[in-house]
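Trainee: Quick one: this structure, given as structure tokens, is what I'll be asking you about.
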Amino acid sequence: MASNQTFRVVPETQLASAKQTLGLSADDSLGSRSKAIGLARIVGAQYVLYSDVSGDVKSPQMDMQLMLAQSGEIVWSGNGDVKR
């Protein structure tokens, strides 16, 4: 992905600095949408793809939301069973 012109990979050092700015620990998993959006704003991202996997290990369910970083508006969402 690093060579792809559509997506920009945020360097780990920039991510660590942004987490520190938000008062988050370096190993924070960004389990809330507000943390993810706050971090996205600091690093200059346009979108946040927020996902959650739940259910049984043998049949997990995934929920995803694509949000605008500036407003938090959900522009797409989807869910379904994870296929292997």
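By order in the structure tokens, chains are A, B, ...; within a chain, residues start at 1; ligands start at 1, following the order shown.
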Which polymer residues have any atom within 8 Å of an atom of region 18-31 of chain A, counting only C-alpha atoms, with same-chain residues fewer than 6 positions away left out, as number ranges by chain?
Mentor: A: 38-39, 42-43
Trainee: Just want the 10 Å neighbourhood of Gln65 (chain A), counted on only C-alpha atoms, with same-chain residues fewer than 5 positions away dropped. Output as an MDAnalysis selection string.
Mentor: chainID A and resid 33 48:52 73:79
Trainee: Just how far from CA of Ser32 (chain A) is CA of Arg84 (chain A), in Å to one decimal?
Mentor: 26.7 Å
Trainee: Work out how far apart CA of Asp81 (chain A) and CA of Ser34 (chain A) are and give it in Å to one decimal.
Mentor: 25.4 Å
Trainee: When DSSP is applied to the backbone of this structure, which of chain A are assigned strand (DSSP E)? Write them out as number ranges by chain.
Mentor: A: 47-56, 59-68, 74-81
Trainee: Just the number, please: distance in Å from CA of Tyr47 (chain A) to CA of Ser71 (chain A), one decimal.
Mentor: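 Those two atoms sit 9.8 Å apart.
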Trainee: If we count only C-alpha atoms and set the cut-off at 10 Å, which residues sit around Val10 (chain A), ignoring sequence neighbours fewer than 6 positions away in its own chain? Please answer as a VMD selection string.
Mentor: chain A and resid 2 40 43 to 45
Trainee: Would you please extract all helix (DSSP H, G or I) residues from region 31-67 of chain A, as assigned by DSSP on the backbone, and give them as a list of chain:residue names?
Mentor: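 Across region 31-67 of chain A, those assigned helix (DSSP H, G or I) are A:Arg33, A:Ser34, A:Lys35, A:Ala36, A:Ile37, A:Gly38, A:Leu39, A:Ala40, A:Arg41, A:Ile42, A:Val43.
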Trainee: Atoms to include: N, CA, C and O atoms. Write the selected residues as an mmCIF file, in the first residue's frame.
Mentor:
```
data_model
loop_
_atom_site.group_PDB
_atom_site.id
_atom_site.type_symbol
_atom_site.label_atom_id
_atom_site.label_comp_id
_atom_site.auth_asym_id
_atom_site.auth_seq_id
_atom_site.Cartn_x
_atom_site.Cartn_y
_atom_site.Cartn_z
ATOM 1 N N ARG A 33 -15.127 5.270 18.279
ATOM 2 C CA ARG A 33 -15.153 6.073 17.058
ATOM 3 C C ARG A 33 -14.556 7.454 17.296
ATOM 4 O O ARG A 33 -13.855 7.988 16.440
ATOM 5 N N SER A 34 -14.814 8.040 18.449
ATOM 6 C CA SER A 34 -14.318 9.393 18.714
ATOM 7 C C SER A 34 -12.793 9.429 18.765
ATOM 8 O O SER A 34 -12.175 10.378 18.282
ATOM 9 N N LYS A 35 -12.169 8.405 19.331
ATOM 10 C CA LYS A 35 -10.705 8.342 19.342
ATOM 11 C C LYS A 35 -10.170 8.215 17.917
ATOM 12 O O LYS A 35 -9.215 8.887 17.533
ATOM 13 N N ALA A 36 -10.780 7.339 17.127
ATOM 14 C CA ALA A 36 -10.329 7.120 15.745
ATOM 15 C C ALA A 36 -10.479 8.391 14.919
ATOM 16 O O ALA A 36 -9.590 8.752 14.147
ATOM 17 N N ILE A 37 -11.582 9.101 15.088
ATOM 18 C CA ILE A 37 -11.805 10.340 14.335
ATOM 19 C C ILE A 37 -10.832 11.421 14.791
ATOM 20 O O ILE A 37 -10.265 12.146 13.968
ATOM 21 N N GLY A 38 -10.604 11.526 16.089
ATOM 22 C CA GLY A 38 -9.643 12.501 16.600
ATOM 23 C C GLY A 38 -8.258 12.256 16.053
ATOM 24 O O GLY A 38 -7.559 13.189 15.633
ATOM 25 N N LEU A 39 -7.845 11.015 16.027
ATOM 26 C CA LEU A 39 -6.543 10.654 15.490
ATOM 27 C C LEU A 39 -6.470 10.960 13.991
ATOM 28 O O LEU A 39 -5.477 11.509 13.507
ATOM 29 N N ALA A 40 -7.530 10.636 13.260
ATOM 30 C CA ALA A 40 -7.566 10.901 11.816
ATOM 31 C C ALA A 40 -7.422 12.386 11.520
ATOM 32 O O ALA A 40 -6.722 12.783 10.586
ATOM 33 N N ARG A 41 -8.067 13.212 12.320
ATOM 34 C CA ARG A 41 -7.969 14.662 12.117
ATOM 35 C C ARG A 41 -6.537 15.152 12.315
ATOM 36 O O ARG A 41 -6.042 15.973 11.552
ATOM 37 N N ILE A 42 -5.875 14.649 13.347
ATOM 38 C CA ILE A 42 -4.510 15.091 13.651
ATOM 39 C C ILE A 42 -3.540 14.701 12.539
ATOM 40 O O ILE A 42 -2.663 15.483 12.184
ATOM 41 N N VAL A 43 -3.701 13.501 11.967
ATOM 42 C CA VAL A 43 -2.772 13.059 10.927
ATOM 43 C C VAL A 43 -3.183 13.536 9.532
ATOM 44 O O VAL A 43 -2.504 13.262 8.556
#
```
Trainee: Could you check which of A:Gly72, A:Gln46, A:Pro11, A:Lys83 is closest to Pro60 (chain A), using only C-alpha atoms?
Mentor: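 Of the candidates, the smallest distance to Pro60 (chain A) is held by A:Lys83.
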